[in-house]
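K.L.:
Coordinates in work_6.cif, mmCIF, C-alpha atoms, are listed below.
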data_upload
loop_
_atom_site.label_atom_id
_atom_site.label_comp_id
_atom_site.auth_asym_id
_atom_site.auth_seq_id
_atom_site.Cartn_x
_atom_site.Cartn_y
_atom_site.Cartn_z
CA MET A 1 0.00 0.00 0.00
CA SER A 2 1.32 3.42 -0.90
CA LYS A 3 0.57 6.63 0.99
CA GLN A 4 1.10 10.18 -0.07
CA ILE A 5 1.73 12.79 2.63
CA LYS A 6 1.45 16.58 2.36
CA THR A 7 1.98 19.44 4.79
CA ILE A 8 -0.46 22.30 4.24
CA GLN A 9 0.54 25.73 5.53
CA SER A 10 -1.03 29.15 5.15
CA SER A 11 -1.12 32.45 7.02
CA ASP A 12 -4.69 32.99 5.77
CA LYS A 13 -7.03 30.94 8.02
CA GLU A 14 -9.92 31.03 5.51
CA GLU A 15 -7.71 29.83 2.65
CA PHE A 16 -6.20 27.17 4.92
CA ASP A 17 -9.62 25.83 5.98
CA LYS A 18 -10.87 25.83 2.38
CA LEU A 19 -7.86 23.85 1.14
CA ILE A 20 -8.06 21.34 3.99
CA ASN A 21 -11.78 20.79 3.33
CA GLN A 22 -11.14 20.28 -0.41
CA LEU A 23 -8.50 17.66 0.38
CA LEU A 24 -10.83 15.88 2.84
CA GLU A 25 -13.53 15.74 0.14
CA GLN A 26 -10.97 14.18 -2.22
CA GLY A 27 -10.24 11.35 0.24
CA TRP A 28 -7.32 12.75 2.22
CA ASP A 29 -7.18 12.18 6.00
CA LEU A 30 -5.87 14.45 8.74
CA VAL A 31 -2.81 13.04 10.50
CA ASP A 32 -3.55 13.06 14.24
CA GLY A 33 -1.55 15.49 16.33
CA THR A 34 -0.14 17.49 13.40
CA TYR A 35 -2.30 20.64 13.49
CA SER A 36 -0.40 23.63 14.79
CA VAL A 37 -0.16 27.39 14.57
CA LEU A 38 3.42 28.32 13.83
CA LYS A 39 5.31 31.58 14.26
CA ASP A 40 3.65 34.60 12.62
CA ASP A 41 0.19 32.90 12.68
CA VAL A 42 0.96 30.29 10.01
CA TYR A 43 -1.54 27.44 10.21
CA SER A 44 -0.14 23.98 9.53
CA GLN A 45 -1.68 20.52 9.08
CA VAL A 46 -0.30 17.24 7.74
CA VAL A 47 -2.67 15.18 5.59
CA SER A 48 -2.26 11.75 4.02
CA VAL A 49 -4.03 9.57 1.49
CA ASP A 50 -3.82 5.92 0.58
CA LYS A 51 -3.31 6.22 -3.18
CA VAL A 52 -5.82 3.43 -3.90
CA LYS A 53 -8.46 4.97 -1.60
CA GLY A 54 -7.97 8.44 -3.11
CA TYR A 55 -8.23 7.11 -6.66
CA THR A 56 -11.36 5.09 -5.83
CA ARG A 57 -13.06 8.10 -4.23
CA MET A 58 -12.11 10.36 -7.14
CA MET A 59 -13.57 7.91 -9.67
CA SER A 60 -16.74 7.56 -7.59
CA GLN A 61 -17.19 11.36 -7.55
CA LYS A 62 -16.74 11.54 -11.33
CA GLU A 63 -19.42 8.85 -11.82
CA ASN A 64 -21.84 10.80 -9.62
CA GLU A 65 -21.28 13.96 -11.68
CA GLN A 66 -22.38 12.23 -14.90
#
The structure in this file should be written as structure tokens.
P.N.:
Amino acid sequence: MSKQIKTIQSSDKEEFDKLINQLLEQGWDLVDGTYSVLKDDVYSQVVSVDKVKGYTRMMSQKENEQ
């Protein structure tokens, strides 16, 4: 099984929340214990996705759009 991991960071809380929510809708998962607010109010969160799970969810969403 292959996982992809990303760290999302933004100083704009609205933009940060929007991006995190988009990734969650695409099948990404939050990695427990990785949310933090860094120096200068930079919001940070690590997300991961099982490549098979993410692909399956993406294909399912495309089928529902048709």
K.L.:
Got a sec to resolve the PyMOL selection byres ((chain A and resi 7-18) around 8) on this structure and send the residues as a list of chain:residue names?
P.N.:
A:Ile5, A:Lys6, A:Leu19, A:Ile20, A:Asn21, A:Gln22, A:Asp40, A:Asp41, A:Val42, A:Tyr43, A:Ser44, A:Gln45, A:Val46, A:Val47
K.L.:
Record the distance separating CA of Lys51 in chain A and CA of Val37 in chain A, expressed in Å with one decimal.
P.N.:
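Going from CA of Lys51 in chain A over to CA of Val37 in chain A, I get 27.8 Å.
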K.L.:
Please determine the residues with any atom at most 6 Å from (-1.6, 9.4, -1.0) (coordinates as given in the file, with only C-alpha atoms counting) and report them as a list in words.
P.N.:
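These residues have at least one counted atom within 6 Å: Lys3, Gln4, Ile5, Ser48, Val49, Asp50 and Lys51 of chain A.
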